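Student: Sharing a structure with you now.
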Amino acid sequence: MASKLSSTLLAELQVQIGPSLEILVEKDSARFQEYAKRWSDIDRQIPGAIVLPVSEEQIQKTVEWAVKSSVPFVTRSGGHSEWSTIGDHGIVINLSKYSGIEIDAQAKKAVLKGSILSKEVAVALANAGFFTALGNGNTVGAIPYFLGGGASITTSITGYGSDQIIAARMIDARGKLVEVTEETEPDLLYAIRGAGQFFGLITQLTIKATPLTELGNDQGVIWAGAFVFPLDRAREVALVMEKLMDDASYATAARNPAIVIAARYIGNPDDAERAYKPLYDLKPLVARGGAVPIQNTSDGREAIGAKGDFKRFGVVGLRRFDVDGFVKTIDVWKELVAECPDAINTAFNFQWDSRPPKAPGFESAMSLHDIRYWQNNLIWHTDPANRQKVDDFNDQSIAIMRGPDRSEYADFQNGTRTGPIELRYRGVGKLEKLKMLKKTWDPTGVFTKQLLE
């Protein structure tokens, strides 16, 4: 068992950096408890200290001290990562006090700093006439989102989040600051585009900015709506959805929690009703939708973004929409809620993009450009006694939708850190290259043992 972090070591860190560095150690204090909160309580531990640097220089010096002193650490931005937790033998480097964005409109790019959140990036870009690939969580740390792959509602226009990465500033496993560009470190740039969390602490990330006009209208909006059906119409709805998902003439996309279809349409919002006519014809209990500014498409999800409870995503790529499988997963969800009433907020989500992801034009750690369909389950429950049982139901749902052919399996890169790693990094030579780069840049596993084991 690892020994508890000593106060002497923390005092040395304070002296090295100075009084402007806040180090939280009083675990009963309100400030410590607030900064210790995470989106999910799964495997949550209490660190020996929470360090709050205010600059890139302080971040670098903290990492240098930690490496030299053999103090393990994890980094926290938005606090959504299931793995941003550590026990009292280590520290959390919390980037909350270091955040920002600089937009170069002429070059169509932006520099993200530290813990900047996805909503903050979306708003700043929109105000400058741009957007980028971003997920559905306003309070998710933007830099970790891009590093881990980054699925988006604009994937068919922009590609994945990792495809937007142009350059980075990274603190490596020795505590040294590295400029990562196509010219200086092309192999490392390859790695951080989809596996960046395993190679270093990224303090700044330069990403592409896409003009709002690429959304297919002059208002910078997408159409967002919802169709609600009773569960007993699942097969009828699924048969219609099967055809709609494969119709690439309209840029539709959605998530399907149980039998609520959260729909998106990219293009002229006046065309959305025509694109979703098959669903309107089914006469749902509720059918609503309208134009929403791209920076506001994730608003109204505060409950999902709240910290606490036992939450995680189960995300795997699929090759097709299986109507029979979808109906079976509804039965699994019903059984889950019957046995674990505290899991009522769990949603078995099927997600699609009617058009394929945009190819980036370069090779990287990202290996999901052949995937248009996703099982993206939100696991959410409150009773710790049901922890394993809820995960078992999630696994059962995924197994049904995946089917028996393992050659078709694909895991989302930052959706898990267990199971066969070759399902996360697919493609000839990709995993071998990443393992080689890991041995070069982080041979002792300062930034997890992933790609070493």
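Here's how to read the names in the structure tokens: chain A, B, ... by the order shown, residue numbers from 1 in each chain, ligand numbers from 1 in the order shown.
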Quick one: contact table of range 57-95 of chain A to range 172-195 of chain A, 6 Å max, nearest atom pair and distance in Å to one decimal per residue, counting only C-alpha atoms, chain and number order, as JSON lines?

Tutor:
```
{"residue": "A:Gln60", "atom": "CA", "partner": "A:Gly175", "partner_atom": "CA", "distance": 6.0}
{"residue": "A:Val63", "atom": "CA", "partner": "A:Gly175", "partner_atom": "CA", "distance": 5.3}
{"residue": "A:Glu64", "atom": "CA", "partner": "A:Gly175", "partner_atom": "CA", "distance": 4.3}
```

Student: Using the selection just defined, write its residues with N, CA, C and O atoms as an mmCIF file, in the first residue's frame.

Tutor:
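Saved the output as again-v9.cif:
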```
data_model
loop_
_atom_site.group_PDB
_atom_site.id
_atom_site.type_symbol
_atom_site.label_atom_id
_atom_site.label_comp_id
_atom_site.auth_asym_id
_atom_site.auth_seq_id
_atom_site.Cartn_x
_atom_site.Cartn_y
_atom_site.Cartn_z
ATOM 1 N N GLN A 60 4.270 23.546 -14.635
ATOM 2 C CA GLN A 60 5.512 22.852 -14.963
ATOM 3 C C GLN A 60 6.345 22.575 -13.714
ATOM 4 O O GLN A 60 6.857 21.462 -13.525
ATOM 5 N N VAL A 63 4.861 19.725 -11.711
ATOM 6 C CA VAL A 63 5.153 18.412 -12.300
ATOM 7 C C VAL A 63 6.615 18.039 -12.056
ATOM 8 O O VAL A 63 6.925 16.889 -11.702
ATOM 9 N N GLU A 64 7.526 18.992 -12.236
ATOM 10 C CA GLU A 64 8.953 18.729 -11.975
ATOM 11 C C GLU A 64 9.158 18.251 -10.543
ATOM 12 O O GLU A 64 9.882 17.276 -10.280
#
```

Student: Please produce, as JSON lines, a per-residue contact table for range 153-205 of chain A versus range 256-276 of chain A (criterion: any atom at most 12 Å away, only C-alpha atoms considered), showing the nearest atom pair and its distance in Å to one decimal, sorted by chain then residue number.

Tutor:
```
{"residue": "A:Ile153", "atom": "CA", "partner": "A:Arg264", "partner_atom": "CA", "distance": 7.6}
{"residue": "A:Thr154", "atom": "CA", "partner": "A:Ile266", "partner_atom": "CA", "distance": 7.9}
{"residue": "A:Thr155", "atom": "CA", "partner": "A:Ile266", "partner_atom": "CA", "distance": 10.7}
{"residue": "A:Ser156", "atom": "CA", "partner": "A:Ile266", "partner_atom": "CA", "distance": 9.5}
{"residue": "A:Ile157", "atom": "CA", "partner": "A:Ile266", "partner_atom": "CA", "distance": 9.2}
```

Student: I need the residues from that last selection saved to file as a CSV table (one decimal), in the first residue's frame (with N, CA, C and O atoms), if you can.

Tutor:
```csv
chain,number,residue,atom,x,y,z
A,153,ILE,N,-21.6,16.6,-32.5
A,153,ILE,CA,-22.8,16.6,-33.4
A,153,ILE,C,-22.4,17.2,-34.8
A,153,ILE,O,-23.2,17.1,-35.7
A,154,THR,N,-21.2,17.7,-34.9
A,154,THR,CA,-20.8,18.2,-36.2
A,154,THR,C,-19.7,17.4,-36.9
A,154,THR,O,-18.9,17.8,-37.7
A,155,THR,N,-19.6,16.1,-36.5
A,155,THR,CA,-18.5,15.2,-37.0
A,155,THR,C,-18.5,15.1,-38.5
A,155,THR,O,-17.4,15.1,-39.1
A,156,SER,N,-19.7,15.2,-39.1
A,156,SER,CA,-19.7,15.0,-40.6
A,156,SER,C,-19.1,16.3,-41.3
A,156,SER,O,-18.7,16.2,-42.4
A,157,ILE,N,-19.0,17.4,-40.6
A,157,ILE,CA,-18.5,18.7,-41.1
A,157,ILE,C,-17.0,18.9,-40.7
A,157,ILE,O,-16.1,19.2,-41.5
```

Student: So which residues touch Tyr425 in chain A within 12 Å, counting only C-alpha atoms, skipping near sequence neighbours fewer than 4 positions away, as an MDAnalysis selection string?

Tutor: chainID A and resid 148:149 191 193:195 364:369 409:414 416:417 419:421 429:435 450:451

Student: To one decimal place, how far is CA of Asp88 in chain A from CA of Leu5 in chain A in Å?

Tutor: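 If I compute the distance from CA of Asp88 in chain A to CA of Leu5 in chain A, I get 6.1 Å.
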
Student: Take CA of Pro356 in chain A and CA of Phe146 in chain A and report the distance between them in Å, one decimal.

Tutor: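 A separation of 18.9 Å between them.
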
Student: Among the residues of range 198-432 of chain A, find those DSSP assigns to strand (DSSP E or B) from the backbone and print them as a ChimeraX atom specification.

Tutor: /A:201-208,210-211,221-228,252-255,260-265,286-293,310-318,347,350-353,373-381,410-411

Student: Restricting the calculation to only C-alpha atoms, which member of A:Leu95, A:Ile371, A:Met170, A:Ile165 is positioned closest to Val111 in chain A?

Tutor: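 The answer is A:Ile165, which sits nearest to Val111 in chain A.
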
Student: Just the number, please: distance in Å from CA of Ala234 in chain A to CA of Asp299 in chain A, one decimal.

Tutor: 27.6 Å

Student: For Ser152 in chain A, which residue among A:Phe199, A:Phe326, A:Trp39, A:Trp352 is the nearest when counting only C-alpha atoms?

Tutor: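 Of the candidates, the smallest distance to Ser152 in chain A is held by A:Trp352.
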
Student: With only C-alpha atoms as the basis for distance, which of A:Lys358, A:Lys328, A:Arg312, A:Lys208 is at the shortest distance from Ala343 in chain A?

Tutor: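 Looking only at the distances to Ala343 in chain A, the closest residue turns out to be A:Arg312.
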
Student: Which residues are near Ser3 in chain A? Cut-off 10 Å, only C-alpha atoms, ignore same chain within fewer than 2 positions. Put them as a list in words.

Tutor: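 Near Ser3 in chain A, the qualifying residues are Met1, Leu5, Ser6, Gly87, Asp88, His89 and Gly90 of chain A.
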
Student: Determine which residues of range 268-341 of chain A receive a DSSP assignment of helix (DSSP H, G or I), computed from the backbone, and state them as number ranges by chain.

Tutor: A: 269-275, 277-281, 294-296, 302-305, 323-339, 341

Student: Write the selection just made, keeping N, CA and C atoms, as a tab-separated table (two decimals), in the first residue's frame?

Tutor:
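Saved result, part-v1.tsv, follows:
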```tsv
chain	number	residue	atom	x	y	z
A	269	PRO	N	-32.40	25.17	-41.36
A	269	PRO	CA	-33.33	24.60	-40.37
A	269	PRO	C	-34.74	24.43	-40.90
A	270	ASP	N	-35.09	25.15	-41.97
A	270	ASP	CA	-36.43	25.00	-42.56
A	270	ASP	C	-36.61	23.64	-43.21
A	271	ASP	N	-35.49	22.95	-43.49
A	271	ASP	CA	-35.57	21.63	-44.12
A	271	ASP	C	-35.69	20.49	-43.11
A	272	ALA	N	-35.58	20.80	-41.82
A	272	ALA	CA	-35.55	19.74	-40.81
A	272	ALA	C	-36.85	18.95	-40.77
A	273	GLU	N	-37.98	19.65	-40.91
A	273	GLU	CA	-39.26	18.94	-40.83
A	273	GLU	C	-39.38	17.93	-41.97
A	274	ARG	N	-38.87	18.28	-43.14
A	274	ARG	CA	-38.90	17.34	-44.26
A	274	ARG	C	-37.98	16.14	-43.99
A	275	ALA	N	-36.81	16.42	-43.42
A	275	ALA	CA	-35.85	15.34	-43.13
A	275	ALA	C	-36.42	14.35	-42.13
A	277	LYS	N	-39.67	13.82	-41.55
A	277	LYS	CA	-41.08	13.55	-41.85
A	277	LYS	C	-41.52	12.15	-41.42
A	278	PRO	N	-40.68	11.11	-41.62
A	278	PRO	CA	-41.11	9.77	-41.18
A	278	PRO	C	-41.45	9.71	-39.69
A	279	LEU	N	-40.76	10.50	-38.87
A	279	LEU	CA	-41.07	10.50	-37.44
A	279	LEU	C	-42.32	11.32	-37.14
A	280	TYR	N	-42.47	12.45	-37.82
A	280	TYR	CA	-43.70	13.22	-37.63
A	280	TYR	C	-44.93	12.39	-38.04
A	281	ASP	N	-44.78	11.59	-39.09
A	281	ASP	CA	-45.90	10.77	-39.57
A	281	ASP	C	-46.33	9.72	-38.57
A	294	ILE	N	-25.38	27.36	-32.47
A	294	ILE	CA	-24.52	26.21	-32.27
A	294	ILE	C	-23.88	26.20	-30.87
A	295	GLN	N	-23.59	27.39	-30.33
A	295	GLN	CA	-22.95	27.46	-29.01
A	295	GLN	C	-23.90	27.13	-27.88
A	296	ASN	N	-25.20	27.03	-28.17
A	296	ASN	CA	-26.20	26.78	-27.12
A	296	ASN	C	-26.84	25.40	-27.22
A	302	GLU	N	-28.13	20.81	-17.28
A	302	GLU	CA	-27.46	21.05	-16.01
A	302	GLU	C	-27.55	19.84	-15.08
A	303	ALA	N	-28.67	19.14	-15.10
A	303	ALA	CA	-28.85	17.99	-14.21
A	303	ALA	C	-27.82	16.90	-14.53
A	304	ILE	N	-27.60	16.65	-15.81
A	304	ILE	CA	-26.64	15.63	-16.21
A	304	ILE	C	-25.23	16.06	-15.85
A	305	GLY	N	-24.96	17.36	-15.93
A	305	GLY	CA	-23.62	17.85	-15.66
A	305	GLY	C	-23.29	18.02	-14.19
A	323	VAL	N	-32.65	-3.48	-35.45
A	323	VAL	CA	-33.98	-3.23	-34.90
A	323	VAL	C	-34.30	-4.22	-33.78
A	324	ASP	N	-34.08	-5.50	-34.03
A	324	ASP	CA	-34.38	-6.52	-33.01
A	324	ASP	C	-33.54	-6.29	-31.76
A	325	GLY	N	-32.24	-5.97	-31.97
A	325	GLY	CA	-31.37	-5.71	-30.83
A	325	GLY	C	-31.82	-4.51	-30.03
A	326	PHE	N	-32.26	-3.46	-30.74
A	326	PHE	CA	-32.72	-2.25	-30.05
A	326	PHE	C	-33.92	-2.55	-29.15
A	327	VAL	N	-34.86	-3.32	-29.67
A	327	VAL	CA	-36.05	-3.67	-28.88
A	327	VAL	C	-35.64	-4.50	-27.65
A	328	LYS	N	-34.66	-5.39	-27.83
A	328	LYS	CA	-34.20	-6.20	-26.70
A	328	LYS	C	-33.54	-5.33	-25.62
A	329	THR	N	-32.82	-4.27	-26.04
A	329	THR	CA	-32.16	-3.42	-25.04
A	329	THR	C	-33.18	-2.67	-24.19
A	330	ILE	N	-34.35	-2.39	-24.76
A	330	ILE	CA	-35.41	-1.75	-23.97
A	330	ILE	C	-35.87	-2.68	-22.85
A	331	ASP	N	-35.96	-3.97	-23.17
A	331	ASP	CA	-36.31	-4.95	-22.14
A	331	ASP	C	-35.23	-5.01	-21.05
A	332	VAL	N	-33.97	-4.92	-21.47
A	332	VAL	CA	-32.88	-4.91	-20.49
A	332	VAL	C	-32.99	-3.68	-19.59
A	333	TRP	N	-33.28	-2.52	-20.19
A	333	TRP	CA	-33.43	-1.29	-19.40
A	333	TRP	C	-34.57	-1.43	-18.40
A	334	LYS	N	-35.69	-2.00	-18.82
A	334	LYS	CA	-36.82	-2.21	-17.90
A	334	LYS	C	-36.42	-3.10	-16.74
A	335	GLU	N	-35.67	-4.16	-17.03
A	335	GLU	CA	-35.22	-5.07	-15.98
A	335	GLU	C	-34.26	-4.35	-15.03
A	336	LEU	N	-33.36	-3.53	-15.59
A	336	LEU	CA	-32.43	-2.76	-14.78
A	336	LEU	C	-33.18	-1.88	-13.77
A	337	VAL	N	-34.15	-1.12	-14.25
A	337	VAL	CA	-34.87	-0.18	-13.39
A	337	VAL	C	-35.72	-0.93	-12.36
A	338	ALA	N	-36.23	-2.10	-12.75
A	338	ALA	CA	-37.02	-2.89	-11.80
A	338	ALA	C	-36.14	-3.40	-10.65
A	339	GLU	N	-34.93	-3.84	-10.97
A	339	GLU	CA	-34.03	-4.37	-9.94
A	339	GLU	C	-33.25	-3.27	-9.21
A	341	PRO	N	-34.01	0.51	-8.74
A	341	PRO	CA	-34.81	1.73	-8.94
A	341	PRO	C	-33.98	3.01	-8.89
```

Student: Do a neighbour search on Ile46 in chain A at 12 Å with only C-alpha atoms, toss out local chain neighbours closer than 2 positions, and write the hits as an MDAnalysis selection string.

Tutor: chainID A and resid 4:5 24:28 32:38 41 43:44 48:50 74 84:92
